[in-house]
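Novice: Input target_24.cif, format and content: mmCIF, C-alpha atoms.
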data_upload
#
loop_
_atom_site.label_atom_id
_atom_site.label_comp_id
_atom_site.auth_asym_id
_atom_site.auth_seq_id
_atom_site.Cartn_x
_atom_site.Cartn_y
_atom_site.Cartn_z
CA MET N 1 2.52 137.40 -17.76
CA ASN N 2 -0.37 135.09 -18.54
CA THR N 3 0.62 132.79 -21.38
CA GLY N 4 -2.41 130.57 -20.95
CA ARG N 5 -0.22 127.56 -20.19
CA THR N 6 -2.16 124.32 -20.20
CA MET N 7 0.75 121.95 -19.64
CA THR N 8 0.26 120.60 -16.12
CA THR N 9 2.20 117.34 -16.13
CA ASP N 10 5.86 117.09 -17.06
CA LEU N 11 6.83 120.73 -16.54
CA ASP N 12 5.20 121.02 -13.14
CA THR N 13 7.07 117.96 -11.87
CA THR N 14 10.45 119.05 -13.27
CA PRO N 15 12.59 120.48 -10.46
CA GLU N 16 13.93 124.01 -10.48
CA PRO N 17 17.52 124.29 -11.75
CA ASP N 18 20.22 124.26 -9.12
CA LEU N 19 22.50 127.26 -8.57
CA ARG N 20 25.28 125.91 -10.77
CA THR N 21 22.85 125.53 -13.67
CA ARG N 22 21.40 128.97 -13.02
CA LEU N 23 24.83 130.55 -13.18
CA ALA N 24 25.45 128.72 -16.45
CA LEU N 25 22.12 130.00 -17.78
CA TYR N 26 23.06 133.55 -16.86
CA ARG N 27 26.52 133.20 -18.39
CA CYS N 28 25.04 131.93 -21.64
CA GLN N 29 22.50 134.75 -21.85
CA VAL N 30 25.13 137.38 -21.15
CA GLU N 31 27.52 135.94 -23.72
CA ILE N 32 24.81 135.90 -26.38
CA ARG N 33 23.77 139.47 -25.50
CA GLN N 34 27.33 140.81 -25.59
CA PHE N 35 28.16 138.95 -28.80
CA GLU N 36 25.12 140.22 -30.66
CA LYS N 37 25.55 143.79 -29.46
CA ARG N 38 29.08 143.66 -30.84
CA ALA N 39 27.82 142.14 -34.09
CA TYR N 40 25.42 145.07 -34.38
CA ASP N 41 28.26 147.55 -33.85
CA LEU N 42 30.37 145.82 -36.50
CA PHE N 43 27.42 145.85 -38.90
CA LEU N 44 27.16 149.63 -38.49
CA GLN N 45 30.87 149.80 -39.36
CA ASN N 46 30.09 147.93 -42.60
CA LEU N 47 32.22 144.98 -41.50
CA VAL N 48 29.46 142.35 -41.30
CA LYS N 49 28.85 140.96 -44.77
CA GLY N 50 25.22 140.87 -45.83
CA THR N 51 22.46 141.41 -43.31
CA SER N 52 22.04 139.86 -39.86
CA HIS N 53 19.08 138.82 -37.74
CA LEU N 54 19.72 139.28 -34.03
CA SER N 55 18.15 137.54 -31.03
CA LEU N 56 18.48 140.49 -28.65
CA GLY N 57 15.66 140.00 -26.17
CA GLN N 58 15.20 136.30 -26.96
CA GLU N 59 18.29 134.90 -25.23
CA ALA N 60 16.47 132.88 -22.56
CA ILE N 61 15.11 130.38 -25.08
CA ALA N 62 18.49 129.43 -26.55
CA ALA N 63 20.14 129.40 -23.12
CA GLY N 64 17.46 127.19 -21.56
CA PHE N 65 17.60 124.56 -24.26
CA GLY N 66 21.38 124.76 -24.64
CA ALA N 67 21.80 123.91 -20.96
CA ALA N 68 19.35 120.99 -21.11
CA MET N 69 20.47 119.28 -24.32
CA LEU N 70 23.09 116.52 -24.48
CA PRO N 71 26.23 117.09 -26.59
CA ASP N 72 25.08 114.75 -29.35
CA ASP N 73 21.54 116.13 -29.64
CA TYR N 74 20.67 118.05 -32.79
CA THR N 75 19.81 121.76 -33.12
CA PHE N 76 18.03 123.16 -36.17
CA ALA N 77 17.57 126.94 -36.27
CA THR N 78 16.36 129.71 -38.55
CA TYR N 79 18.47 132.48 -40.04
CA ARG N 80 18.19 134.08 -36.56
CA GLY N 81 20.65 131.49 -35.35
CA HIS N 82 23.59 133.21 -33.61
CA ALA N 83 22.14 132.54 -30.16
CA HIS N 84 21.44 128.87 -30.78
CA THR N 85 24.90 128.36 -32.27
CA LEU N 86 26.63 129.87 -29.25
CA ALA N 87 24.32 128.02 -26.82
CA ARG N 88 25.55 124.71 -28.26
CA GLY N 89 29.12 125.57 -27.29
CA VAL N 90 30.46 126.83 -30.62
CA PRO N 91 33.33 129.26 -29.83
CA MET N 92 32.70 132.95 -30.43
CA ALA N 93 35.74 133.65 -32.62
CA PRO N 94 34.83 131.49 -35.64
CA VAL N 95 31.22 132.68 -35.46
CA MET N 96 32.33 136.32 -35.42
CA ALA N 97 34.78 135.65 -38.25
CA GLU N 98 31.99 134.06 -40.27
CA LEU N 99 29.88 137.19 -39.87
CA LEU N 100 32.81 139.19 -41.19
CA GLY N 101 33.25 136.82 -44.14
CA ARG N 102 36.77 135.78 -43.17
CA ALA N 103 38.60 132.55 -43.98
CA ASN N 104 38.88 131.68 -40.27
CA GLY N 105 35.11 131.75 -40.00
CA LEU N 106 33.00 128.82 -38.94
CA MET N 107 32.32 128.01 -42.59
CA ALA N 108 35.41 129.68 -44.07
CA GLY N 109 33.40 132.81 -44.77
CA LYS N 110 31.02 131.10 -47.19
CA GLY N 111 27.90 130.93 -45.01
CA GLY N 112 27.69 134.27 -43.25
CA SER N 113 25.18 135.19 -40.56
CA MET N 114 22.25 133.26 -41.99
CA HIS N 115 23.79 129.81 -42.46
CA LEU N 116 25.79 129.03 -39.30
CA THR N 117 26.51 125.31 -38.99
CA SER N 118 28.75 123.19 -36.75
CA VAL N 119 28.03 119.47 -36.94
CA GLU N 120 30.75 118.91 -34.34
CA HIS N 121 28.61 120.77 -31.79
CA GLY N 122 25.27 119.36 -32.92
CA MET N 123 24.38 122.63 -34.63
CA MET N 124 22.88 121.22 -37.82
CA GLY N 125 22.33 124.50 -39.59
CA SER N 126 20.57 127.83 -39.75
CA TYR N 127 17.98 127.78 -42.51
CA ALA N 128 16.91 130.80 -44.55
CA ILE N 129 13.83 129.19 -46.13
CA VAL N 130 10.97 129.65 -43.67
CA GLY N 131 9.67 126.30 -42.42
CA ALA N 132 12.02 124.15 -44.49
CA HIS N 133 14.05 122.84 -41.58
CA LEU N 134 11.13 121.32 -39.65
CA THR N 135 11.00 118.39 -42.05
CA ILE N 136 14.79 118.08 -41.97
CA ALA N 137 14.66 117.91 -38.17
CA ASN N 138 12.17 115.08 -38.56
CA GLY N 139 14.70 113.25 -40.70
CA ALA N 140 17.38 113.57 -38.03
CA ALA N 141 14.91 112.41 -35.37
CA TRP N 142 13.87 109.42 -37.48
CA SER N 143 17.53 108.49 -37.93
CA ALA N 144 18.06 108.64 -34.15
CA GLN N 145 14.94 106.57 -33.58
CA TYR N 146 16.01 103.95 -36.13
CA ARG N 147 19.53 103.71 -34.67
CA GLY N 148 18.29 103.70 -31.07
CA SER N 149 20.87 106.37 -30.27
CA GLY N 150 18.79 108.28 -27.72
CA GLN N 151 19.46 111.55 -29.54
CA VAL N 152 16.77 114.23 -29.83
CA ALA N 153 16.33 116.82 -32.56
CA VAL N 154 15.28 120.29 -31.38
CA CYS N 155 13.89 122.60 -34.03
CA PHE N 156 13.50 126.35 -33.42
CA PHE N 157 11.35 128.54 -35.65
CA GLY N 158 9.47 131.81 -35.64
CA ASP N 159 5.74 132.43 -35.29
CA GLY N 160 5.38 133.07 -39.01
CA THR N 161 6.36 129.47 -39.71
CA THR N 162 3.11 128.27 -38.15
CA ASN N 163 1.27 129.47 -41.25
CA ILE N 164 3.58 127.54 -43.58
CA GLY N 165 2.50 124.16 -44.94
CA ALA N 166 5.71 122.45 -43.82
CA PHE N 167 4.82 123.22 -40.19
CA HIS N 168 1.64 121.18 -40.38
CA GLU N 169 3.23 118.40 -42.42
CA ALA N 170 6.13 118.09 -39.99
CA LEU N 171 3.91 118.09 -36.87
CA ASN N 172 1.60 115.45 -38.29
CA TYR N 173 4.47 113.23 -39.44
CA ALA N 174 6.33 113.52 -36.12
CA ALA N 175 3.20 112.69 -34.16
CA VAL N 176 2.26 109.69 -36.31
CA TYR N 177 5.72 108.13 -35.99
CA ARG N 178 6.34 109.35 -32.41
CA LEU N 179 9.65 110.86 -33.42
CA PRO N 180 12.14 112.14 -30.79
CA VAL N 181 11.84 115.77 -31.84
CA VAL N 182 10.99 118.97 -29.96
CA PHE N 183 9.51 121.86 -31.94
CA VAL N 184 10.03 125.28 -30.36
CA CYS N 185 8.13 128.28 -31.71
CA GLU N 186 9.90 131.52 -30.75
CA ASN N 187 6.82 133.73 -30.90
CA ASN N 188 8.12 137.30 -30.90
CA LEU N 189 4.69 138.53 -32.07
CA TYR N 190 5.80 139.56 -35.56
CA MET N 191 6.29 137.58 -38.73
CA GLU N 192 8.90 139.92 -40.20
CA TYR N 193 6.88 143.19 -40.23
CA THR N 194 3.35 141.79 -39.80
CA PRO N 195 1.74 141.10 -36.39
CA ILE N 196 1.13 137.35 -36.25
CA ASP N 197 -2.29 137.83 -34.63
CA SER N 198 -3.53 139.83 -37.64
CA VAL N 199 -3.17 136.89 -40.04
CA THR N 200 -3.80 133.86 -37.81
CA ALA N 201 -7.18 132.38 -36.87
CA VAL N 202 -6.12 131.28 -33.37
CA ARG N 203 -4.72 133.35 -30.51
CA ARG N 204 -1.66 131.18 -29.92
CA PRO N 205 -0.30 130.24 -33.36
CA ALA N 206 1.56 127.13 -32.21
CA ALA N 207 0.01 126.00 -28.92
CA ASP N 208 -3.60 126.27 -30.09
CA ARG N 209 -2.84 124.02 -33.05
CA ALA N 210 -1.07 121.32 -31.06
CA PRO N 211 -4.24 119.34 -30.19
CA ALA N 212 -4.92 118.83 -33.91
CA TYR N 213 -1.88 116.53 -33.89
CA GLY N 214 -2.61 114.88 -30.57
CA LEU N 215 -0.07 117.03 -28.72
CA GLU N 216 -0.38 119.00 -25.51
CA PRO N 217 -0.81 122.77 -25.99
CA ILE N 218 2.20 124.38 -24.33
CA ALA N 219 2.61 128.18 -24.20
CA LEU N 220 5.30 129.51 -21.89
CA ASP N 221 7.16 132.66 -20.88
CA GLY N 222 10.06 132.68 -23.32
CA ASN N 223 11.80 135.47 -21.40
CA ASP N 224 12.34 133.30 -18.31
CA ALA N 225 15.39 131.05 -18.63
CA ASP N 226 14.30 128.86 -15.72
CA VAL N 227 10.95 128.18 -17.39
CA MET N 228 12.63 127.40 -20.70
CA TYR N 229 15.20 125.12 -19.06
CA ARG N 230 12.54 123.13 -17.20
CA ALA N 231 10.40 122.87 -20.34
CA ALA N 232 13.43 121.66 -22.29
CA VAL N 233 14.29 119.03 -19.67
CA ALA N 234 10.70 117.74 -19.65
CA ALA N 235 10.35 117.63 -23.45
CA LEU N 236 13.76 116.02 -23.97
CA GLU N 237 13.03 113.35 -21.38
CA ARG N 238 9.71 112.53 -23.05
CA ALA N 239 11.39 112.24 -26.45
CA ARG N 240 14.17 109.98 -25.14
CA ALA N 241 11.60 107.77 -23.45
CA GLY N 242 9.88 107.13 -26.78
CA GLU N 243 6.85 109.26 -25.94
CA GLY N 244 7.07 111.27 -29.14
CA PRO N 245 7.33 114.94 -30.07
CA SER N 246 6.48 118.11 -28.18
CA LEU N 247 5.45 121.52 -29.50
CA ILE N 248 6.41 124.46 -27.28
CA GLU N 249 5.37 128.05 -27.91
CA ALA N 250 7.76 130.46 -26.17
CA LEU N 251 6.39 134.00 -25.99
CA THR N 252 9.17 136.56 -26.37
CA TYR N 253 10.06 139.85 -28.10
CA ARG N 254 12.97 141.01 -30.20
CA HIS N 255 14.48 144.29 -29.04
CA GLY N 256 15.18 145.49 -32.56
CA GLY N 257 13.79 145.04 -36.03
CA HIS N 258 13.45 141.89 -38.07
CA SER N 259 16.96 142.45 -39.43
CA ARG N 260 19.51 145.25 -39.36
CA ALA N 261 17.74 146.82 -42.33
CA ASP N 262 14.53 147.20 -40.31
CA PRO N 263 14.04 150.16 -37.92
CA ALA N 264 10.83 148.50 -36.58
CA LYS N 265 8.80 151.72 -36.61
CA TYR N 266 5.62 149.66 -37.06
CA ARG N 267 5.62 148.51 -33.43
CA PRO N 268 3.60 150.59 -30.93
CA ALA N 269 5.84 152.52 -28.54
CA ALA N 270 3.91 151.34 -25.47
CA GLU N 271 4.32 147.71 -26.55
CA VAL N 272 8.06 148.11 -27.01
CA GLU N 273 8.41 149.82 -23.63
CA ARG N 274 6.40 147.08 -21.91
CA TRP N 275 8.56 144.31 -23.35
CA LEU N 276 11.87 146.09 -22.78
CA ALA N 277 10.90 146.16 -19.10
CA ARG N 278 10.86 142.36 -19.30
CA ASP N 279 14.42 142.06 -20.60
CA PRO N 280 15.34 138.39 -19.93
CA VAL N 281 18.96 139.18 -19.03
CA ALA N 282 18.07 141.90 -16.54
CA LEU N 283 15.28 139.83 -15.01
CA TYR N 284 17.54 136.83 -14.56
CA ARG N 285 20.29 138.94 -13.03
CA GLN N 286 17.83 140.22 -10.42
CA ARG N 287 16.63 136.68 -9.72
CA LEU N 288 20.18 135.56 -8.96
CA LEU N 289 20.68 138.54 -6.67
CA ASP N 290 17.44 137.66 -4.87
CA LEU N 291 18.75 134.10 -4.46
CA GLY N 292 21.80 135.45 -2.67
CA VAL N 293 24.40 135.42 -5.44
CA ALA N 294 26.97 138.14 -4.83
CA GLU N 295 26.87 141.01 -7.31
CA SER N 296 30.64 140.72 -7.65
CA GLU N 297 30.17 137.19 -9.04
CA LEU N 298 27.71 138.44 -11.63
CA ASN N 299 30.01 141.34 -12.50
CA ALA N 300 32.80 138.83 -13.08
CA ILE N 301 30.60 136.79 -15.45
CA GLU N 302 29.75 139.95 -17.39
CA ALA N 303 33.38 141.07 -17.55
CA ALA N 304 34.47 137.64 -18.79
CA ALA N 305 31.81 137.78 -21.52
CA ARG N 306 33.01 141.19 -22.68
CA ALA N 307 36.60 139.98 -22.74
CA ALA N 308 35.60 136.92 -24.77
CA VAL N 309 33.77 139.10 -27.29
CA ASP N 310 36.79 141.43 -27.51
CA GLU N 311 39.03 138.45 -28.26
CA ALA N 312 36.56 137.06 -30.79
CA GLU N 313 36.51 140.39 -32.59
CA ARG N 314 40.32 140.57 -32.57
CA GLN N 315 40.66 137.09 -34.04
CA ALA N 316 37.93 137.71 -36.60
CA LYS N 317 39.47 140.95 -37.85
CA ALA N 318 42.89 139.27 -38.05
CA GLY N 319 41.55 136.56 -40.34
CA PRO N 320 42.36 136.74 -44.05
CA ALA N 321 39.83 137.03 -46.82
CA PRO N 322 38.76 133.64 -48.19
CA ASP N 323 40.81 132.11 -50.97
CA PRO N 324 38.84 132.42 -54.24
CA ALA N 325 39.52 128.71 -54.79
CA LEU N 326 36.97 128.02 -52.02
CA LEU N 327 34.28 128.87 -54.54
CA LEU N 328 34.90 125.45 -56.09
CA THR N 329 34.68 123.46 -52.86
CA ASP N 330 31.70 122.07 -50.90
CA LEU N 331 29.30 122.12 -53.83
CA TRP N 332 27.36 119.81 -56.08
CA ALA N 333 29.24 119.07 -59.31
CA ASP N 334 28.50 117.29 -62.59
CA GLY N 335 24.91 118.41 -62.71
CA GLY N 336 24.30 117.34 -59.13
CA SER N 337 25.51 113.79 -59.53
CA SER N 338 28.50 114.07 -57.18
CA TRP N 339 29.78 116.05 -54.23
CA ARG N 340 33.04 117.97 -54.46
CA ASN N 341 35.02 119.07 -51.40
#
As a first step, turn the structure in this file into C-alpha cells.

Specialist:
Amino acid sequence: MNTGRTMTTDLDTTPEPDLRTRLALYRCQVEIRQFEKRAYDLFLQNLVKGTSHLSLGQEAIAAGFGAAMLPDDYTFATYRGHAHTLARGVPMAPVMAELLGRANGLMAGKGGSMHLTSVEHGMMGSYAIVGAHLTIANGAAWSAQYRGSGQVAVCFFGDGTTNIGAFHEALNYAAVYRLPVVFVCENNLYMEYTPIDSVTAVRRPAADRAPAYGLEPIALDGNDADVMYRAAVAALERARAGEGPSLIEALTYRHGGHSRADPAKYRPAAEVERWLARDPVALYRQRLLDLGVAESELNAIEAAARAAVDEAERQAKAGPAPDPALLLTDLWADGGSSWRN
C-alpha cells in the first residue's frame, strides 16, 4: 500500500524488531482482537452497559506503541480506547468488568467503555469529546519537560479530529515549546459515518498539515505492527532527546461500524473486502510463519489469549453491581470548590 510516506530519517534508521519483540507484538494484537470480539458478543447479549467503540482491524497501532513505550510514559486515547488500555498492560478482567458496569471494574463501573483510565499503567484516560485530549496531552508533556523526567505523552485520535480547532492549537503549541509528545492519527477513513476525504481540503488529513507546524509529514501503514513499532521507537527517542513533537498518520480501517449501533452500510462493499484482506492480525501471523516461527507456537499464543478472555469474562460476570453510595464519590462538590473521594 502506498501511503506516500515522506519520513526518510529516523524511521529508516530504526532497526527491525527482534523475534522476541515480534512475538510480543503478535500476542498483544491477538489479545486485543479476542477481547473485543468477546466484548461484541456480550454487547449483543445486552450485558455491556451503554455503547462501545471497537478497534477491530486497528490493533497494530496500539500494539506497536504499547511495545515501544516505557512504563511511566503517558497514553491519551479516544472513546475507542480498549486496545490502548490493554496495550499498556492493564489486565483484561477489570476492563471487561468495567464494560459490564460491575463494581470490580477498572473504575468501579462508573466509567464504562468510553472512559477507561488507569494512571497506574500510564493510561491517562479515554476521552469522549473529540479533540479535547490533545491539549491535555500537551499538559502532561509540559510537566514531564519541566520536571526533566524523560517521560513522553502519546496521544491517539481519529481522522475526524484533524478538522477540530484543538488539533491545530495543540500542534502549534507543542511545536513552539518542543514538547515531548507524539500525536498519532488513527486514520480509518471515516469520521463517524462521513468519509474524511469528502470534508477535508488535503489528501492526508494529518500528514499534509504537519509542515504548517514545522513537523515532518509522516503517513504510514497502520496495519503493519512492525512499521508502527519502529515509528514509535523513532518518535519516542526524538521526544526524549528534546527534539520536540511528532505527528504520525497511521492509515487503517475498522472492521465494523463506528459503534455497535452502526451497521456501516455506507461503506462500499469492494472497499470493505479490500481492507479485510489486509487484516493486521492475519498478516502478522503469516509474517511470523515466514520468519520460521512454528505454527504450534502461534497456536499456543492464540489459545492463551482465548483462555485469558474466558477468565476475564468469568470474573466480570461474578462482580457485584456497584454500591449506590459510589454516586457520591470521585466528584466535584461544593459548587466545584473541592474534590470528594

Novice: With a distance cut-off of 8 Å and all atoms listed in the file, select the neighbouring residues of N:Leu247, excluding the residue or stretch itself and same-chain residues fewer than 3 positions from it, and output the selection as a ChimeraX atom specification.

Specialist: /N:182-185,206-207,210,215-218

Novice: Counting only C-alpha atoms, which of N:Ala175, N:Leu276, N:Ala103, N:Ala261 gets nearest to N:Tyr193?

Specialist: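 Comparing N:Ala175, N:Leu276, N:Ala103, N:Ala261 against N:Tyr193, the winner is N:Ala261.
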
Novice: Suppose you want the space between atom CA of N:Gly89 and atom CA of N:Gly66; what is it in Å?

Specialist: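 Separation of atom CA of N:Gly89 and atom CA of N:Gly66: 8.2 Å.
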
Novice: Which residue is closest to N:Asp41? Choose from N:Asp73, N:Gly122, N:Gly222, N:Leu54 and count only C-alpha atoms.

Specialist: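 Once distances to N:Asp41 are computed over only C-alpha atoms, the minimum belongs to N:Leu54.
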
Novice: Quote the spacing between atom CA of N:Tyr74 and atom CA of N:Ala153 in Å to one decimal place.

Specialist: 4.5 Å

Novice: Which polymer residues have any atom within 10 Å of an atom of N:Gln58, counting only C-alpha atoms, with same-chain residues fewer than 2 positions away left out, as a PDB file with C-alpha atoms, in the coordinates of the input?

Specialist:
ATOM      1  CA  GLN N  29      22.500 134.750 -21.850  1.00  0.00           C
ATOM      2  CA  ILE N  32      24.810 135.900 -26.380  1.00  0.00           C
ATOM      3  CA  ARG N  33      23.770 139.470 -25.500  1.00  0.00           C
ATOM      4  CA  LEU N  54      19.720 139.280 -34.030  1.00  0.00           C
ATOM      5  CA  SER N  55      18.150 137.540 -31.030  1.00  0.00           C
ATOM      6  CA  LEU N  56      18.480 140.490 -28.650  1.00  0.00           C
ATOM      7  CA  ALA N  60      16.470 132.880 -22.560  1.00  0.00           C
ATOM      8  CA  ILE N  61      15.110 130.380 -25.080  1.00  0.00           C
ATOM      9  CA  ALA N  62      18.490 129.430 -26.550  1.00  0.00           C
ATOM     10  CA  ALA N  63      20.140 129.400 -23.120  1.00  0.00           C
ATOM     11  CA  ALA N  83      22.140 132.540 -30.160  1.00  0.00           C
ATOM     12  CA  GLU N 186       9.900 131.520 -30.750  1.00  0.00           C
ATOM     13  CA  ASN N 187       6.820 133.730 -30.900  1.00  0.00           C
ATOM     14  CA  ASN N 188       8.120 137.300 -30.900  1.00  0.00           C
ATOM     15  CA  GLY N 222      10.060 132.680 -23.320  1.00  0.00           C
ATOM     16  CA  ASN N 223      11.800 135.470 -21.400  1.00  0.00           C
ATOM     17  CA  ASP N 224      12.340 133.300 -18.310  1.00  0.00           C
ATOM     18  CA  ALA N 225      15.390 131.050 -18.630  1.00  0.00           C
ATOM     19  CA  ALA N 250       7.760 130.460 -26.170  1.00  0.00           C
ATOM     20  CA  LEU N 251       6.390 134.000 -25.990  1.00  0.00           C
ATOM     21  CA  THR N 252       9.170 136.560 -26.370  1.00  0.00           C
ATOM     22  CA  TYR N 253      10.060 139.850 -28.100  1.00  0.00           C
ATOM     23  CA  ARG N 254      12.970 141.010 -30.200  1.00  0.00           C
ATOM     24  CA  HIS N 255      14.480 144.290 -29.040  1.00  0.00           C
ATOM     25  CA  ASP N 279      14.420 142.060 -20.600  1.00  0.00           C
ATOM     26  CA  PRO N 280      15.340 138.390 -19.930  1.00  0.00           C
ATOM     27  CA  VAL N 281      18.960 139.180 -19.030  1.00  0.00           C
TER      28      VAL N 281
END

Novice: Restricting the calculation to only C-alpha atoms, which member of N:Ala137, N:Val272, N:Ala312, N:Ala77 is positioned closest to N:Pro94?

Specialist: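 The answer is N:Ala312, which sits nearest to N:Pro94.
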
Novice: Do you know which residues are at most 12 Å from N:Arg38 counting only C-alpha atoms, after dropping those on the same chain fewer than 5 positions away, and could you put them as a VMD selection string?

Specialist: chain N and resid 31 to 33 43 to 45 47 to 48 54 56 92 96 99 to 100 305 to 314

Novice: Given the choices N:Leu25, N:Ala264, N:Val202, N:Ala303, which gets closest to N:Leu288 if the distance is worked out from only C-alpha atoms?

Specialist: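 Of N:Leu25, N:Ala264, N:Val202, N:Ala303, the one nearest N:Leu288 is N:Leu25, counting only C-alpha atoms.
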
Novice: Selected by the PyMOL selection byres ((chain N and resi 142) around 10) in the shown coordinates: which residues, as a PyMOL selection string?

Specialist: chain N and resi 136-141+143-148+151-153+174+177-181

Novice: Looking at N:Thr200, N:Thr75, N:Thr135, N:Thr51, which one is nearest to N:Asp262, with distances taken over only C-alpha atoms?

Specialist: N:Thr51

Novice: For the PyMOL selection byres ((chain N and resi 81) around 12), applied here, can you spell out every residue it catches as a ChimeraX atom specification?

Specialist: /N:32,36,52-56,58-59,61-62,75-80,82-88,90,95,99,112-118,123-128,155-158,186

Novice: For the atom pair atom CA of N:Pro17 and atom CA of N:Pro91, what is the interatomic distance in Å to one decimal place?

Specialist: 24.5 Å

Novice: If you count all atoms listed in the file, which residues fall within 12 Å of N:Asp18, apart from same-chain ones fewer than 2 positions away, as a ChimeraX atom specification?

Specialist: /N:14-16,20-25,67,226,229-230,288,291

Novice: Using all atoms listed in the file, which residue out of N:Tyr173, N:Ala270, N:Ala108, N:Gly160 lies closest to N:Ala325?

Specialist: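 For N:Ala325, the nearest of the candidates is N:Ala108.
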
Novice: I'd like the neighbourhood of stretch 294-301 of chain N as a list in words, where a residue qualifies if any of its atoms comes within 8 Å (using only C-alpha atoms), though same-chain residues fewer than 3 positions away should be ignored.

Specialist: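 Near neighbours after the sequence-gap exclusion: Arg27, Val30, Arg285, Leu289, Ala304 and Ala305 of chain N.
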